[in-house]
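Asks: File follows, structure-v7.pdb with PDB, C-alpha atoms:
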```pdb
ATOM      1  CA  MET A 252     -29.442   7.202  48.188
ATOM      2  CA  ASP A 253     -26.098   8.041  46.580
ATOM      3  CA  ILE A 254     -24.911   4.514  47.255
ATOM      4  CA  LEU A 255     -27.997   3.116  45.538
ATOM      5  CA  VAL A 256     -27.489   5.327  42.449
ATOM      6  CA  GLN A 257     -23.793   4.479  42.288
ATOM      7  CA  THR A 258     -24.517   0.757  42.607
ATOM      8  CA  ARG A 259     -27.195   0.964  39.911
ATOM      9  CA  ASN A 260     -24.811   2.823  37.571
ATOM     10  CA  ARG A 261     -22.070   0.269  38.178
ATOM     11  CA  ILE A 262     -24.402  -2.649  37.454
ATOM     12  CA  SER A 263     -25.710  -0.887  34.339
ATOM     13  CA  LYS A 264     -22.134  -0.240  33.105
ATOM     14  CA  PHE A 265     -21.163  -3.859  33.781
ATOM     15  CA  LEU A 266     -24.220  -5.226  31.936
ATOM     16  CA  LYS A 267     -23.625  -2.922  28.955
ATOM     17  CA  ALA A 268     -19.982  -4.026  28.735
ATOM     18  CA  PHE A 269     -20.975  -7.681  29.117
ATOM     19  CA  PHE A 270     -23.712  -7.684  26.483
ATOM     20  CA  ARG A 271     -22.144  -5.243  24.023
ATOM     21  CA  LYS A 272     -21.718  -6.906  20.638
ATOM     22  CA  LYS A 273     -18.045  -7.528  19.964
ATOM     23  CA  ARG A 274     -16.785  -5.659  16.916
ATOM     24  CA  ALA A 275     -15.980  -8.298  14.314
ATOM     25  CA  ARG A 276     -12.405  -8.551  13.061
ATOM     26  CA  ILE A 277     -12.446  -9.310   9.358
ATOM     27  CA  GLY A 278      -9.186 -10.659   7.968
ATOM     28  CA  ILE A 279      -8.278 -10.134   4.317
ATOM     29  CA  TYR A 280      -6.359 -13.258   3.317
ATOM     30  CA  GLY A 281      -5.080 -14.623   0.020
ATOM     31  CA  PRO A 282      -1.927 -15.360  -1.957
ATOM     32  CA  PRO A 283       0.674 -12.614  -2.594
ATOM     33  CA  ASN A 284      -0.243  -9.891  -5.121
ATOM     34  CA  ALA A 285      -3.977 -10.671  -5.169
ATOM     35  CA  GLY A 286      -4.799  -7.066  -4.200
ATOM     36  CA  LYS A 287      -5.454  -7.450  -0.457
ATOM     37  CA  THR A 288      -3.992  -4.072   0.527
ATOM     38  CA  THR A 289      -5.715  -2.359  -2.419
ATOM     39  CA  LEU A 290      -9.033  -3.704  -1.093
ATOM     40  CA  ALA A 291      -8.203  -2.789   2.528
ATOM     41  CA  ASN A 292      -7.320   0.742   1.385
ATOM     42  CA  ARG A 293     -10.516   1.034  -0.669
ATOM     43  CA  ILE A 294     -12.725  -0.096   2.221
ATOM     44  CA  ALA A 295     -10.913   2.218   4.655
ATOM     45  CA  ARG A 296     -10.985   5.210   2.263
ATOM     46  CA  ASP A 297     -14.646   4.682   1.295
ATOM     47  CA  TRP A 298     -15.827   4.569   4.928
ATOM     48  CA  THR A 299     -13.224   6.482   6.969
ATOM     49  CA  GLY A 300     -11.299   8.578   4.427
ATOM     50  CA  GLU A 301      -7.983   7.013   5.511
ATOM     51  CA  SER A 302      -5.781   4.255   4.064
ATOM     52  CA  VAL A 303      -4.245   1.118   5.579
ATOM     53  CA  GLY A 304      -0.877   0.569   3.866
ATOM     54  CA  PRO A 305       1.250   0.968   0.732
ATOM     55  CA  VAL A 306       0.736  -1.184  -2.374
ATOM     56  CA  SER A 307       3.390  -2.386  -4.809
ATOM     57  CA  GLU A 308       3.908  -4.818  -7.674
ATOM     58  CA  ILE A 309       6.649  -6.521  -5.607
ATOM     59  CA  PRO A 310       5.214  -9.587  -3.832
ATOM     60  CA  HIS A 311       5.056  -9.415  -0.022
ATOM     61  CA  GLU A 312       4.880  -5.604   0.116
ATOM     62  CA  THR A 313       2.678  -6.183   3.176
ATOM     63  CA  ARG A 314       4.856  -8.043   5.661
ATOM     64  CA  ARG A 315       2.988  -7.346   8.880
ATOM     65  CA  ALA A 316      -0.710  -7.717   9.582
ATOM     66  CA  SER A 317      -2.129  -4.201   9.872
ATOM     67  CA  ARG A 318      -5.476  -3.305  11.366
ATOM     68  CA  LYS A 319      -7.856  -0.455  10.648
ATOM     69  CA  THR A 320     -10.435  -0.206  13.399
ATOM     70  CA  ASP A 321     -13.973   1.108  13.681
ATOM     71  CA  ILE A 322     -15.058   0.971  10.054
ATOM     72  CA  THR A 323     -18.822   1.358   9.764
ATOM     73  CA  ILE A 324     -20.276   0.107   6.488
ATOM     74  CA  THR A 325     -23.810   1.140   5.623
ATOM     75  CA  GLY A 326     -25.912  -0.834   3.152
ATOM     76  CA  SER A 327     -28.462   0.379   0.613
ATOM     77  CA  ASN A 328     -31.316  -0.439   3.029
ATOM     78  CA  GLY A 329     -29.745   1.618   5.835
ATOM     79  CA  SER A 330     -28.464  -1.344   7.866
ATOM     80  CA  ASN A 331     -24.855  -1.133   9.018
ATOM     81  CA  ILE A 332     -21.994  -3.030  10.623
ATOM     82  CA  THR A 333     -18.897  -1.793  12.419
ATOM     83  CA  ILE A 334     -15.817  -3.904  11.824
ATOM     84  CA  ASP A 335     -12.037  -3.908  12.116
ATOM     85  CA  ILE A 336     -10.241  -4.761   8.882
ATOM     86  CA  VAL A 337      -7.042  -6.791   9.199
ATOM     87  CA  ASP A 338      -4.856  -6.663   6.093
ATOM     88  CA  THR A 339      -2.540  -9.693   6.151
ATOM     89  CA  PRO A 340       0.640 -10.667   4.269
ATOM     90  CA  GLY A 341       0.124 -13.000   1.286
ATOM     91  CA  VAL A 342       0.007 -16.599   2.456
ATOM     92  CA  THR A 343       2.463 -19.000   0.870
ATOM     93  CA  THR A 344       4.451 -22.124   1.768
ATOM     94  CA  LYS A 345       7.750 -20.848   0.310
ATOM     95  CA  ILE A 346       9.736 -17.614   0.278
ATOM     96  CA  ASP A 347      13.081 -17.199  -1.474
ATOM     97  CA  TYR A 348      14.886 -13.870  -1.142
ATOM     98  CA  LYS A 349      16.247 -14.331  -4.701
ATOM     99  CA  ASP A 350      12.724 -13.751  -6.070
ATOM    100  CA  PHE A 351      12.939 -10.137  -4.862
ATOM    101  CA  LEU A 352      16.190  -9.517  -6.756
ATOM    102  CA  GLU A 353      14.173  -9.533 -10.027
ATOM    103  CA  TYR A 354      12.557  -6.286  -8.887
ATOM    104  CA  GLY A 355      15.871  -4.445  -8.542
ATOM    105  CA  VAL A 356      16.114  -4.887  -4.770
ATOM    106  CA  THR A 357      19.669  -5.271  -3.360
ATOM    107  CA  ARG A 358      20.637  -8.656  -1.886
ATOM    108  CA  GLU A 359      20.750  -7.222   1.626
ATOM    109  CA  ASP A 360      17.280  -5.670   1.291
ATOM    110  CA  ALA A 361      15.944  -8.843  -0.340
ATOM    111  CA  VAL A 362      17.140 -10.967   2.595
ATOM    112  CA  ILE A 363      15.528  -8.553   5.069
ATOM    113  CA  ARG A 364      12.328  -8.468   3.007
ATOM    114  CA  ALA A 365      12.218 -12.298   2.882
ATOM    115  CA  ARG A 366      12.790 -12.601   6.631
ATOM    116  CA  GLU A 367      10.029 -10.063   7.351
ATOM    117  CA  ALA A 368       7.731 -11.857   4.912
ATOM    118  CA  THR A 369       8.234 -15.220   6.677
ATOM    119  CA  GLU A 370       7.447 -13.587  10.023
ATOM    120  CA  GLY A 371       4.393 -11.926   8.484
ATOM    121  CA  VAL A 372       2.985 -15.170   7.052
ATOM    122  CA  ALA A 373       3.491 -16.956  10.397
ATOM    123  CA  GLU A 374       1.756 -14.052  12.133
ATOM    124  CA  ALA A 375      -1.149 -14.141   9.648
ATOM    125  CA  MET A 376      -1.665 -17.859  10.342
ATOM    126  CA  HIS A 377      -1.622 -17.165  14.056
ATOM    127  CA  TRP A 378      -4.207 -14.380  13.661
ATOM    128  CA  LEU A 379      -6.455 -16.765  11.737
ATOM    129  CA  ARG A 380      -6.362 -19.299  14.573
ATOM    130  CA  GLU A 381      -6.813 -16.779  17.387
ATOM    131  CA  ASP A 382      -8.183 -13.372  16.456
ATOM    132  CA  ILE A 383     -10.309 -13.378  13.303
ATOM    133  CA  ASP A 384     -14.133 -13.501  13.192
ATOM    134  CA  GLY A 385     -14.659 -13.516   9.431
ATOM    135  CA  VAL A 386     -12.562 -13.718   6.263
ATOM    136  CA  ILE A 387     -12.460 -12.029   2.892
ATOM    137  CA  TYR A 388     -10.412 -14.427   0.754
ATOM    138  CA  MET A 389      -8.880 -12.467  -2.072
ATOM    139  CA  LEU A 390      -7.927 -14.055  -5.380
ATOM    140  CA  ASP A 391      -6.505 -12.655  -8.588
ATOM    141  CA  ALA A 392      -9.128 -13.581 -11.209
ATOM    142  CA  THR A 393      -6.425 -13.872 -13.894
ATOM    143  CA  GLU A 394      -4.604 -16.644 -11.975
ATOM    144  CA  ASP A 395      -5.317 -20.353 -11.442
ATOM    145  CA  PRO A 396      -7.509 -20.610  -8.318
ATOM    146  CA  PHE A 397      -6.772 -24.340  -7.843
ATOM    147  CA  LEU A 398      -3.419 -23.682  -6.138
ATOM    148  CA  GLN A 399      -2.885 -25.921  -3.132
ATOM    149  CA  VAL A 400      -2.363 -22.940  -0.833
ATOM    150  CA  ASN A 401      -5.841 -21.623  -1.730
ATOM    151  CA  ILE A 402      -7.444 -25.032  -1.189
ATOM    152  CA  MET A 403      -5.631 -25.417   2.145
ATOM    153  CA  MET A 404      -6.546 -21.910   3.313
ATOM    154  CA  ILE A 405     -10.232 -22.306   2.435
ATOM    155  CA  GLY A 406     -10.194 -25.672   4.261
ATOM    156  CA  ILE A 407      -8.581 -24.061   7.326
ATOM    157  CA  ILE A 408     -11.152 -21.223   7.309
ATOM    158  CA  GLU A 409     -14.037 -23.715   6.917
ATOM    159  CA  SER A 410     -12.729 -25.883   9.755
ATOM    160  CA  ARG A 411     -12.781 -22.844  12.044
ATOM    161  CA  LYS A 412     -16.390 -22.213  10.927
ATOM    162  CA  LEU A 413     -15.617 -18.602  10.030
ATOM    163  CA  PRO A 414     -17.903 -16.805   7.565
ATOM    164  CA  VAL A 415     -16.005 -16.292   4.304
ATOM    165  CA  LEU A 416     -16.505 -14.200   1.183
ATOM    166  CA  ILE A 417     -14.312 -14.937  -1.819
ATOM    167  CA  VAL A 418     -13.374 -11.882  -3.853
ATOM    168  CA  ALA A 419     -12.354 -12.384  -7.481
ATOM    169  CA  ASN A 420     -10.224  -9.284  -7.999
ATOM    170  CA  LYS A 421      -8.760  -7.661 -11.133
ATOM    171  CA  ILE A 422     -11.846  -8.095 -13.349
ATOM    172  CA  ASP A 423     -10.648  -4.979 -15.200
ATOM    173  CA  LEU A 424      -7.949  -7.146 -16.830
ATOM    174  CA  PRO A 425      -8.831  -8.850 -20.156
ATOM    175  CA  ASP A 426      -7.914 -12.411 -19.077
ATOM    176  CA  ALA A 427      -9.847 -12.298 -15.814
ATOM    177  CA  ALA A 428     -12.048 -15.380 -15.360
ATOM    178  CA  PRO A 429     -14.071 -15.111 -12.127
ATOM    179  CA  GLN A 430     -16.139 -18.122 -13.257
ATOM    180  CA  ARG A 431     -13.049 -20.326 -12.670
ATOM    181  CA  ILE A 432     -13.045 -19.173  -9.044
ATOM    182  CA  ARG A 433     -16.776 -19.938  -8.765
ATOM    183  CA  ALA A 434     -16.095 -23.426 -10.142
ATOM    184  CA  ALA A 435     -13.235 -23.958  -7.657
ATOM    185  CA  PHE A 436     -15.202 -22.877  -4.571
ATOM    186  CA  PRO A 437     -18.917 -23.387  -5.327
ATOM    187  CA  GLN A 438     -19.745 -23.633  -1.598
ATOM    188  CA  HIS A 439     -18.964 -19.938  -0.978
ATOM    189  CA  PRO A 440     -20.207 -16.609  -2.367
ATOM    190  CA  VAL A 441     -17.792 -15.225  -4.979
ATOM    191  CA  ILE A 442     -17.881 -11.485  -5.712
ATOM    192  CA  PRO A 443     -16.065 -10.288  -8.859
ATOM    193  CA  VAL A 444     -14.542  -6.832  -8.328
ATOM    194  CA  SER A 445     -11.866  -4.471  -9.528
ATOM    195  CA  CYS A 446     -10.433  -2.924  -6.374
ATOM    196  CA  LEU A 447      -8.260  -0.663  -8.486
ATOM    197  CA  GLU A 448     -11.193   0.856 -10.410
ATOM    198  CA  GLY A 449     -13.782   0.354  -7.671
ATOM    199  CA  ARG A 450     -15.945  -1.743  -9.974
ATOM    200  CA  ASN A 451     -18.611  -3.771  -8.123
ATOM    201  CA  VAL A 452     -17.328  -2.907  -4.624
ATOM    202  CA  GLU A 453     -20.866  -1.812  -3.659
ATOM    203  CA  ASP A 454     -21.948  -5.411  -4.208
ATOM    204  CA  LEU A 455     -19.101  -6.551  -1.936
ATOM    205  CA  TYR A 456     -20.254  -4.156   0.817
ATOM    206  CA  GLU A 457     -23.810  -5.552   0.609
ATOM    207  CA  LYS A 458     -22.435  -9.114   0.871
ATOM    208  CA  MET A 459     -20.257  -8.078   3.838
ATOM    209  CA  LEU A 460     -23.369  -6.802   5.619
ATOM    210  CA  GLU A 461     -25.116 -10.139   4.957
ATOM    211  CA  SER A 462     -22.204 -12.352   5.970
ATOM    212  CA  PHE A 463     -20.543 -10.446   8.801
ATOM    213  CA  GLY A 464     -23.478  -8.450  10.210
TER     214      GLY A 464
ATOM    215  CA  MET B 281      24.981 -42.498  -7.048
ATOM    216  CA  GLN B 282      22.840 -39.400  -6.716
ATOM    217  CA  GLY B 283      19.206 -39.746  -5.878
ATOM    218  CA  ILE B 284      16.250 -38.535  -3.905
ATOM    219  CA  GLN B 285      14.945 -40.209  -0.771
ATOM    220  CA  ILE B 286      11.189 -40.698  -0.732
ATOM    221  CA  ASP B 287       9.496 -41.436   2.600
ATOM    222  CA  LEU B 288       6.037 -42.972   2.379
ATOM    223  CA  ILE B 289       4.332 -42.611   5.757
ATOM    224  CA  SER B 290       1.310 -44.737   6.542
ATOM    225  CA  ALA B 291      -1.917 -43.437   8.068
ATOM    226  CA  GLU B 292      -1.311 -45.754  11.059
ATOM    227  CA  LYS B 293       2.103 -44.218  11.759
ATOM    228  CA  MET B 294       0.700 -40.676  11.621
ATOM    229  CA  HIS B 295      -2.342 -41.595  13.703
ATOM    230  CA  GLY B 296      -0.097 -42.384  16.663
ATOM    231  CA  LEU B 297       1.612 -38.981  16.618
ATOM    232  CA  THR B 298       0.601 -35.628  18.061
ATOM    233  CA  SER B 299       0.134 -32.715  15.653
ATOM    234  CA  MET B 300       3.510 -31.207  16.549
ATOM    235  CA  GLU B 301       5.238 -34.582  16.158
ATOM    236  CA  LYS B 302       3.713 -34.933  12.681
ATOM    237  CA  ILE B 303       4.883 -31.455  11.670
ATOM    238  CA  HIS B 304       8.401 -31.989  13.011
ATOM    239  CA  LEU B 305       8.601 -35.384  11.284
ATOM    240  CA  ILE B 306       7.617 -33.807   7.948
ATOM    241  CA  LEU B 307       9.816 -30.721   8.225
ATOM    242  CA  ASP B 308      12.869 -32.672   9.433
ATOM    243  CA  GLN B 309      12.657 -34.914   6.368
ATOM    244  CA  VAL B 310      11.910 -32.132   3.886
ATOM    245  CA  ARG B 311      14.751 -29.928   5.174
ATOM    246  CA  GLU B 312      17.088 -32.857   4.459
ATOM    247  CA  GLY B 313      15.908 -32.731   0.844
ATOM    248  CA  ASN B 314      13.612 -35.760   1.088
ATOM    249  CA  ILE B 315      10.157 -36.117  -0.395
ATOM    250  CA  VAL B 316       7.439 -37.124   2.061
ATOM    251  CA  ILE B 317       4.281 -38.881   0.919
ATOM    252  CA  LEU B 318       1.525 -39.180   3.503
ATOM    253  CA  GLU B 319      -1.044 -41.921   2.948
ATOM    254  CA  LYS B 320      -3.583 -39.574   4.538
ATOM    255  CA  GLY B 321      -2.988 -35.861   4.782
ATOM    256  CA  LEU B 322      -3.045 -33.433   7.669
ATOM    257  CA  SER B 323      -6.058 -31.861   9.345
ATOM    258  CA  PRO B 324      -6.756 -28.167   8.573
ATOM    259  CA  ASP B 325      -5.325 -27.126  11.952
ATOM    260  CA  GLU B 326      -2.188 -29.159  11.274
ATOM    261  CA  GLN B 327      -1.888 -27.611   7.808
ATOM    262  CA  SER B 328      -2.138 -24.161   9.382
ATOM    263  CA  ALA B 329       0.581 -25.027  11.916
ATOM    264  CA  LEU B 330       2.721 -26.573   9.139
ATOM    265  CA  ILE B 331       2.658 -23.283   7.187
ATOM    266  CA  GLU B 332       3.548 -21.341  10.338
ATOM    267  CA  MET B 333       6.397 -23.701  11.311
ATOM    268  CA  THR B 334       7.713 -23.746   7.738
ATOM    269  CA  MET B 335       8.005 -19.961   7.805
ATOM    270  CA  HIS B 336      10.091 -20.148  10.990
ATOM    271  CA  GLU B 337      12.515 -22.604   9.331
ATOM    272  CA  ILE B 338      13.274 -20.581   6.167
ATOM    273  CA  LEU B 339      16.870 -19.322   5.875
ATOM    274  CA  PRO B 340      18.664 -17.292   3.167
ATOM    275  CA  ASP B 341      20.580 -19.633   0.803
ATOM    276  CA  GLY B 342      19.212 -22.600   2.739
ATOM    277  CA  PHE B 343      15.768 -24.082   3.198
ATOM    278  CA  ASN B 344      13.272 -21.874   1.359
ATOM    279  CA  GLY B 345       9.999 -23.576   2.129
ATOM    280  CA  ILE B 346       7.855 -26.470   1.014
ATOM    281  CA  GLU B 347       5.820 -27.540  -1.959
ATOM    282  CA  ILE B 348       2.705 -29.421  -0.870
ATOM    283  CA  GLU B 349       0.012 -31.037  -2.985
ATOM    284  CA  SER B 350      -2.836 -33.405  -2.313
ATOM    285  CA  TYR B 351      -5.987 -34.646  -3.967
ATOM    286  CA  PRO B 352      -8.968 -32.455  -3.131
ATOM    287  CA  SER B 353     -10.505 -33.537   0.181
ATOM    288  CA  GLN B 354     -13.782 -35.386   0.158
ATOM    289  CA  GLU B 355     -16.658 -34.886   2.538
ATOM    290  CA  GLU B 356     -17.030 -37.954   4.726
ATOM    291  CA  SER B 357     -20.489 -39.519   4.792
ATOM    292  CA  PRO B 358     -21.962 -38.357   8.089
ATOM    293  CA  GLY B 359     -22.817 -41.043  10.627
ATOM    294  CA  PHE B 360     -25.828 -40.906  12.924
ATOM    295  CA  LEU B 361     -24.025 -38.936  15.656
ATOM    296  CA  ARG B 362     -22.551 -36.461  13.183
ATOM    297  CA  LYS B 363     -25.999 -35.928  11.640
ATOM    298  CA  LEU B 364     -27.433 -35.403  15.098
ATOM    299  CA  LEU B 365     -24.753 -32.873  16.018
ATOM    300  CA  GLY B 366     -24.879 -31.239  12.586
ATOM    301  CA  ARG B 367     -21.166 -31.805  12.058
ATOM    302  CA  THR B 368     -19.451 -32.541   8.804
ATOM    303  CA  SER B 369     -15.850 -33.459   8.332
ATOM    304  CA  PHE B 370     -13.540 -33.655   5.385
ATOM    305  CA  GLU B 371     -11.323 -36.631   4.777
ATOM    306  CA  SER B 372      -7.790 -35.575   3.998
ATOM    307  CA  ARG B 373      -6.129 -37.592   1.262
ATOM    308  CA  LEU B 374      -2.743 -38.635  -0.067
ATOM    309  CA  THR B 375      -0.369 -35.694   0.240
ATOM    310  CA  VAL B 376       3.060 -35.050  -1.264
ATOM    311  CA  ILE B 377       5.408 -32.638   0.509
ATOM    312  CA  GLY B 378       8.905 -31.693  -0.591
ATOM    313  CA  PRO B 379      11.453 -28.894  -0.611
ATOM    314  CA  ALA B 380      10.171 -25.927  -2.659
ATOM    315  CA  ASN B 381      13.425 -25.757  -4.646
ATOM    316  CA  GLN B 382      13.281 -29.445  -5.664
ATOM    317  CA  LEU B 383       9.626 -30.416  -6.060
ATOM    318  CA  ARG B 384       7.462 -28.994  -8.842
ATOM    319  CA  MET B 385       3.900 -30.005  -9.586
ATOM    320  CA  ILE B 386       3.369 -30.443 -13.308
ATOM    321  CA  ARG B 387      -0.246 -31.439 -13.410
ATOM    322  CA  LYS B 388      -3.010 -31.676 -10.867
ATOM    323  CA  GLU B 389      -6.464 -33.092 -11.330
ATOM    324  CA  LYS B 390      -9.033 -34.351  -8.877
ATOM    325  CA  ASP B 391      -7.686 -37.893  -9.156
ATOM    326  CA  PHE B 392      -4.223 -37.428 -10.642
ATOM    327  CA  LEU B 393      -1.054 -35.672  -9.482
ATOM    328  CA  SER B 394       2.090 -35.413 -11.548
ATOM    329  CA  ALA B 395       5.288 -34.068  -9.963
ATOM    330  CA  TRP B 396       8.837 -33.329 -11.054
ATOM    331  CA  VAL B 397      11.638 -33.824  -8.532
ATOM    332  CA  SER B 398      15.160 -32.483  -9.080
ATOM    333  CA  THR B 399      18.364 -33.289  -7.187
ATOM    334  CA  ARG B 400      20.017 -30.487  -5.219
TER     335      ARG B 400
END
```
As structure tokens, please, write out the structure in this file.
Replies:
Amino acid sequence: MDILVQTRNRISKFLKAFFRKKRARIGIYGPPNAGKTTLANRIARDWTGESVGPVSEIPHETRRASRKTDITITGSNGSNITIDIVDTPGVTTKIDYKDFLEYGVTREDAVIRAREATEGVAEAMHWLREDIDGVIYMLDATEDPFLQVNIMMIGIIESRKLPVLIVANKIDLPDAAPQRIRAAFPQHPVIPVSCLEGRNVEDLYEKMLESFG
Amino acid sequence: MQGIQIDLISAEKMHGLTSMEKIHLILDQVREGNIVILEKGLSPDEQSALIEMTMHEILPDGFNGIEIESYPSQEESPGFLRKLLGRTSFESRLTVIGPANQLRMIRKEKDFLSAWVSTR
């Protein structure tokens, strides 16, 4: 009898593990200084009370992909999703350590920062190819969205058939123009937000439930 | 005489190469300070690998990355099989790649690219 119960429990455990829905890994991608870590921190604080990483006006403050696991987001209708958020370094095709010197960083620190940033971008690209189930593509709504790196990244995400939400951040600034981002990427939902002030993030959470749920 | 070498690479030449061969061909030329013009661009996966490989090649006071521009891709008209399988694909188009410290894009429109190239 014991053997039968044990066997049944083992089969039940195996089936549960086999059919359990994988927790989606949502990568926050975008060019440097778009506000990716500010968004990751806001999502993590709103739903877990903890933060993901430091933010700074210096580009490439985030130089390693960092993950916050088990974030459950609940929508206005009571539905919910549990996700891991992966905050990634800003994607670019060029990094020059001299750019960091403008921010008062010493040459030695700037070289280290640049080297870490190159490793971080390479790692972010690798994550996108291997370990990401959905993407929040973050853009600064005051900047030109037609940059080649944005067009390439959206193309790469589309080719991998990953669900993507485009976030037009910094709408609290007077020269923000989220409509330019809508015009650049009409094939994807664009959500204007201010991650700093928390403006419209509820709308983003509802869209995340729709797209990644 | 000072000048810039420009390599124009045909679609046929690229078609015969593997993805890694294409990326090495581009990066080897660009690290030498040359401008590479591809008749047809790279696939999204190749673009992703190009960014990753570029990052591995960056050195302080040396190569600091690439500037890359192309016309926006166009959706290819789906053939019968593609329609049946529900697949769409995007045709990559003429692409200019150069060293980030020498190539600057001045103007970009859907059918017009204007670039500035400086000597080292």
Asks: Report as a PDB file with C-alpha atoms, keeping the file's coordinate frame the full result of the ChimeraX specification (/A :<10) & /B when it is applied to this structure.
Replies:
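File produced: selection_39.pdb:
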```pdb
ATOM      1  CA  SER B 323      -6.058 -31.861   9.345  1.00  0.00           C
ATOM      2  CA  PRO B 324      -6.756 -28.167   8.573  1.00  0.00           C
ATOM      3  CA  ASP B 325      -5.325 -27.126  11.952  1.00  0.00           C
ATOM      4  CA  GLU B 326      -2.188 -29.159  11.274  1.00  0.00           C
ATOM      5  CA  GLN B 327      -1.888 -27.611   7.808  1.00  0.00           C
ATOM      6  CA  SER B 328      -2.138 -24.161   9.382  1.00  0.00           C
ATOM      7  CA  ALA B 329       0.581 -25.027  11.916  1.00  0.00           C
ATOM      8  CA  LEU B 330       2.721 -26.573   9.139  1.00  0.00           C
ATOM      9  CA  ILE B 331       2.658 -23.283   7.187  1.00  0.00           C
ATOM     10  CA  GLU B 332       3.548 -21.341  10.338  1.00  0.00           C
ATOM     11  CA  MET B 333       6.397 -23.701  11.311  1.00  0.00           C
ATOM     12  CA  THR B 334       7.713 -23.746   7.738  1.00  0.00           C
ATOM     13  CA  MET B 335       8.005 -19.961   7.805  1.00  0.00           C
ATOM     14  CA  HIS B 336      10.091 -20.148  10.990  1.00  0.00           C
ATOM     15  CA  GLU B 337      12.515 -22.604   9.331  1.00  0.00           C
ATOM     16  CA  ILE B 338      13.274 -20.581   6.167  1.00  0.00           C
ATOM     17  CA  LEU B 339      16.870 -19.322   5.875  1.00  0.00           C
ATOM     18  CA  PRO B 340      18.664 -17.292   3.167  1.00  0.00           C
ATOM     19  CA  ASP B 341      20.580 -19.633   0.803  1.00  0.00           C
ATOM     20  CA  GLY B 342      19.212 -22.600   2.739  1.00  0.00           C
ATOM     21  CA  PHE B 343      15.768 -24.082   3.198  1.00  0.00           C
ATOM     22  CA  ASN B 344      13.272 -21.874   1.359  1.00  0.00           C
ATOM     23  CA  GLY B 345       9.999 -23.576   2.129  1.00  0.00           C
ATOM     24  CA  ILE B 346       7.855 -26.470   1.014  1.00  0.00           C
ATOM     25  CA  GLU B 347       5.820 -27.540  -1.959  1.00  0.00           C
ATOM     26  CA  ILE B 348       2.705 -29.421  -0.870  1.00  0.00           C
ATOM     27  CA  GLU B 349       0.012 -31.037  -2.985  1.00  0.00           C
ATOM     28  CA  SER B 350      -2.836 -33.405  -2.313  1.00  0.00           C
ATOM     29  CA  TYR B 351      -5.987 -34.646  -3.967  1.00  0.00           C
ATOM     30  CA  PRO B 352      -8.968 -32.455  -3.131  1.00  0.00           C
ATOM     31  CA  SER B 353     -10.505 -33.537   0.181  1.00  0.00           C
ATOM     32  CA  THR B 368     -19.451 -32.541   8.804  1.00  0.00           C
ATOM     33  CA  SER B 369     -15.850 -33.459   8.332  1.00  0.00           C
ATOM     34  CA  PHE B 370     -13.540 -33.655   5.385  1.00  0.00           C
ATOM     35  CA  PRO B 379      11.453 -28.894  -0.611  1.00  0.00           C
ATOM     36  CA  ALA B 380      10.171 -25.927  -2.659  1.00  0.00           C
ATOM     37  CA  ASN B 381      13.425 -25.757  -4.646  1.00  0.00           C
ATOM     38  CA  LYS B 388      -3.010 -31.676 -10.867  1.00  0.00           C
ATOM     39  CA  GLU B 389      -6.464 -33.092 -11.330  1.00  0.00           C
TER      40      GLU B 389
END
```
Asks: What residues come out when you apply the PyMOL selection byres ((chain A and resi 277) around 6) to this file, written as number ranges by chain?
Replies: A: 276, 278, 336-337, 384-386
Asks: Write out as a VMD selection string which residues come within 12 Å of Gln309 in chain B when counting all atoms listed in the file, dropping same-chain ones fewer than 4 positions away.
Replies: chain B and resid 284 to 289 302 to 305 313 to 317 343 346 377 to 379
Asks: Which distance in Å separates CA of Val444 in chain A and CA of Met385 in chain B, to one decimal?
Replies: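 Value for the CA of Val444 in chain A-CA of Met385 in chain B distance: 29.6 Å.
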Asks: Between CA of Arg274 in chain A and CA of Ile432 in chain A, what is the distance, to one decimal in Å?
Replies: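 Spanning CA of Arg274 in chain A to CA of Ile432 in chain A is a straight-line distance of 29.5 Å.
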Asks: Which value, in Å to one decimal, gives the distance between CA of Val415 in chain A and CA of Phe463 in chain A?
Replies: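 Those two atoms sit 8.7 Å apart.
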Asks: Looking at A:Ile417, A:Ala275, A:Ala428, A:Ile334, which one is nearest to Ile294 in chain A, with distances taken over only C-alpha atoms?
Replies: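 With only C-alpha atoms as the atom set, the closest residue is A:Ile334.
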Asks: With all atoms listed in the file as the basis for distance, which of A:Asn401, A:Thr393, A:Thr289, A:Ser445 is at the shortest distance from Asp426 in chain A?
Replies: A:Thr393
Asks: Can you work out which one of A:Arg358, A:Lys421, A:Arg433, A:Arg315 has the shortest atom-to-atom distance to Glu448 in chain A, counting all atoms listed in the file?
Replies: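 Of A:Arg358, A:Lys421, A:Arg433, A:Arg315, the one nearest Glu448 in chain A is A:Lys421, counting all atoms listed in the file.
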Asks: If we count only C-alpha atoms, what is near Ile332 in chain A at a cut-off of 7 Å, once residues fewer than 3 positions away on the same chain are taken out, given as a list in words?
Replies: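 What passes the distance filter is Thr323, Ile324, Thr325, Leu460 and Gly464 of chain A.
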Asks: Determine the residue membership of the PyMOL selection byres ((chain B and resi 294) around 10) for the file above and supply it as a count of residues only.
Replies: 18
Asks: Could you give me, as an MDAnalysis selection string, the residues that sit within 12 Å of (6.5, -11.1, -11.4) in the file's coordinates, counting all atoms listed in the file?
Replies: chainID A and resid 283:284 307:311 350:355
Asks: Please report, as AutoDock Vina command-line options, the centre and edge lengths in Å to one decimal of an axis-aligned box covering all listed atoms of range 293-307 of chain A with 5 Å per side.
Replies:
```
--center_x -6.2 --center_y 3.1 --center_z 1.1 --size_x 29.2 --size_y 21.0 --size_z 21.8
```
Asks: Find, counting all atoms listed in the file, the residue in B:Met300, B:Gln382, B:Arg387, B:Leu374 that gets nearest to Thr399 in chain B.
Replies: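 Checking each candidate against Thr399 in chain B, we get B:Gln382 as the closest.
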